[in-house]
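The structure appears right after this line, and notes come after that.
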Amino acid sequence: MSPTDTPTDTPTAPLSPRELYRYDRVAPVLSGPEAVGEDAVAFYREHGYLAVANVLSPAEVEAAQSALSDLLYGRVAGYQGLQPEPEYKDRWEAMSPDERMDSVRKVWRFVEHEPRLEALARHPALQSLLEKLLGEPSRLIQDMALLKPPRIGTEKPWHQDMAYFEWSPPEKVLGVWIALDPATPKNGCMHVLPGTHREGPVPHIHRRDCQIAD
């Protein structure tokens, strides 16, 4: 090996969030479900995402927040779908409900336990919007809420859901992301790479999460 050769397995310095994510562009947001016409469907198919405001009323958002709070505080009988942040896994069983409230990373498989969240998943406006994008009625295959507790909320790195889902055809699988709190670039909103869905799945690794290598 000559002095100018660079070994391919040499570790590199971790990339900063500013290098991993862009903050200089914000996605266009449609005013409501009624604004989703043929142009919006074409945009979704080209870019792989569609942002729509006012699908839920403020009262429906508040009901969903209350339902999640009941799940977090253990007020829903038989529910066992809470996943703590990694640094709290060892202490989880000994924590009080108040301590757990700000220690949960993920709440999942709750639709069959929580009527208010089931109603959100079956919401007529949402179902109509999904049918426009899919070209046919939808069916629910997964439900979860990802939380970001203060100070300790871990990153959800770049990934493709379809890289590890086993559902097909991939063009008929659509993820619905609902912000129940204000989501901004400053507090960790959703980031997307427009159009990359057309390139198909890329290799993933297991580091901070199941993720695309930085």
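To be explicit about the labels: the chains of the structure tokens are called A, B, and onward in the order shown, and within each one the residues are counted from 1, while ligands get numbers from 1 in the order they are shown.
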**OP:** Skip Asp39 of chain A itself and residues of its chain fewer than 4 positions away, then list as a PyMOL selection string all residues within 12 Å of it, counting only C-alpha atoms.
**Re:** chain A and resi 30+35+43-46+50+132-133
Near segment 159-181 of chain A, 10 Å: segment 30-149 of chain A residue rows, closest pairs, only C-alpha atoms, as CSV:
residue,atom,partner,partner_atom,distance
A:Arg45,CA,A:Glu171,CA,9.1
A:Gly48,CA,A:Leu174,CA,9.4
A:Tyr49,CA,A:Gly175,CA,9.2
A:Leu50,CA,A:Val176,CA,9.7
A:Ala51,CA,A:Trp177,CA,9.3
A:Val52,CA,A:Ile178,CA,9.8
A:Ala53,CA,A:Ile178,CA,9.7
A:Val55,CA,A:Ile178,CA,9.3
A:Leu56,CA,A:Ile178,CA,9.3
A:Pro58,CA,A:Leu180,CA,9.7
A:Glu60,CA,A:Leu180,CA,9.8
A:Val61,CA,A:Leu180,CA,6.1
A:Glu62,CA,A:Leu180,CA,8.1
A:Ala64,CA,A:Leu180,CA,7.7
A:Gln65,CA,A:Leu180,CA,6.8
A:Ala121,CA,A:Val176,CA,9.4
A:Leu126,CA,A:Val176,CA,9.0
A:Leu130,CA,A:Leu174,CA,8.1
A:Leu133,CA,A:Leu174,CA,8.7
A:Leu134,CA,A:Lys172,CA,6.2
A:Gly135,CA,A:Lys172,CA,9.0
A:Glu136,CA,A:Lys172,CA,9.3
A:Ser138,CA,A:Lys172,CA,9.0
A:Arg139,CA,A:Val173,CA,9.7
A:Leu140,CA,A:Leu174,CA,9.9
A:Ile141,CA,A:Trp167,CA,9.1
A:Gln142,CA,A:Gly175,CA,9.1
A:Asp143,CA,A:Val176,CA,9.4
A:Met144,CA,A:Trp177,CA,9.7
A:Ala145,CA,A:Ile178,CA,9.0
A:Leu146,CA,A:Trp177,CA,9.8
Subject >> Residue list (helix (DSSP H, G or I), DSSP) for segment 7-167 of chain A, as a PyMOL selection string >> reply: chain A and resi 17-20+33-35+38-47+58-72+86-94+97-101+115-121+124-134+161-163
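Within segment 86-197 of chain A, DSSP applied to the backbone places the following residues in strand (DSSP E or B): Val104, Arg105, Lys106, Val107, Trp108, Met144, Ala145 and Leu146 of chain A.
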Original post:
Which distance in Å separates atom CA of Leu68 of chain A and atom CA of Gly188 of chain A, to one decimal?
Top reply: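 Between these atoms lies a distance of 19.6 Å.
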Subject >> Nearest candidate to Met190 of chain A (options A:Leu15, A:Tyr21, A:Tyr88, A:Leu117; using only C-alpha atoms) >> reply: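 Nearest candidate to Met190 of chain A out of A:Leu15, A:Tyr21, A:Tyr88, A:Leu117: A:Tyr21.
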Subject >> Pairwise distance for atom CA of Ser103 of chain A and atom CA of Gly153 of chain A, rounded to one decimal in Å >> reply: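 Distance reported for this atom pair: 8.2 Å.
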Subject >> Atom-to-atom span, atom CA of Pro84 of chain A and atom CA of Pro97 of chain A, Å >> reply: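 Separation of atom CA of Pro84 of chain A and atom CA of Pro97 of chain A: 12.2 Å.
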Subject >> For Arg18 of chain A: contacts at 12 Å, only C-alpha atoms, fewer than 4 positions along chain excluded, given as an MDAnalysis selection string >> reply: chainID A and resid 14 22:24 185:186
Generate the output file for the selected residues, N, CA, C and O atoms, as a compact mmCIF listing (two decimals), in the first residue's frame.
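Once everything was written out, this is part.txt:
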# COMPACT_ATOMS: atom_id res chain seq x y z
N PRO A 14 -17.93 10.86 13.47
CA PRO A 14 -19.39 10.89 13.35
C PRO A 14 -19.86 12.19 12.70
O PRO A 14 -19.30 13.26 12.96
N ARG A 22 -31.05 18.38 6.49
CA ARG A 22 -31.10 19.76 5.97
C ARG A 22 -32.17 20.54 6.72
O ARG A 22 -33.21 20.00 7.09
N TYR A 23 -31.89 21.82 6.92
CA TYR A 23 -32.83 22.68 7.63
C TYR A 23 -33.21 23.92 6.82
O TYR A 23 -33.85 24.83 7.34
N ASP A 24 -32.80 23.95 5.55
CA ASP A 24 -33.00 25.17 4.77
C ASP A 24 -34.23 25.11 3.88
O ASP A 24 -34.53 26.08 3.20
N PRO A 185 -38.47 22.44 12.62
CA PRO A 185 -37.05 22.07 12.49
C PRO A 185 -36.28 22.20 13.80
O PRO A 185 -35.33 21.46 14.04
N LYS A 186 -36.70 23.11 14.67
CA LYS A 186 -35.97 23.32 15.93
C LYS A 186 -36.20 22.19 16.94
O LYS A 186 -35.33 21.91 17.76
Subject >> Nearby residues (only C-alpha atoms) at most 12 Å from Glu114 of chain A, same-chain spacing under 3 positions excluded, as a list in words >> reply: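 The filter keeps Ala63, Ala64, Gln65, Ser66, Ala67, Leu68, Ser69, Asp70, Leu71, Leu72, Gly74, Arg75, Val76, Ala77, Gly78, Tyr79, Gly81, Val107, Trp108, Arg109, Phe110, Val111, Leu117, Glu118, Ala119, Leu120, Ala121 and Asp143 of chain A.
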Subject >> Nearest to Val36 of chain A, chosen from A:Val104, A:Ala125, A:Leu82, A:Ala59, with only C-alpha atoms counted in the distances >> reply: A:Ala125
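Using only C-alpha atoms for every distance, the candidate list A:Ser96, A:Trp158, A:Arg151, A:Thr196 yields A:Trp158 as the residue closest to Cys210 of chain A.
Compared by their closest atoms to Glu112 of chain A, and using only C-alpha atoms, the residues A:Lys148, A:Arg91, A:Gln80, A:Val202 rank with A:Gln80 nearest.
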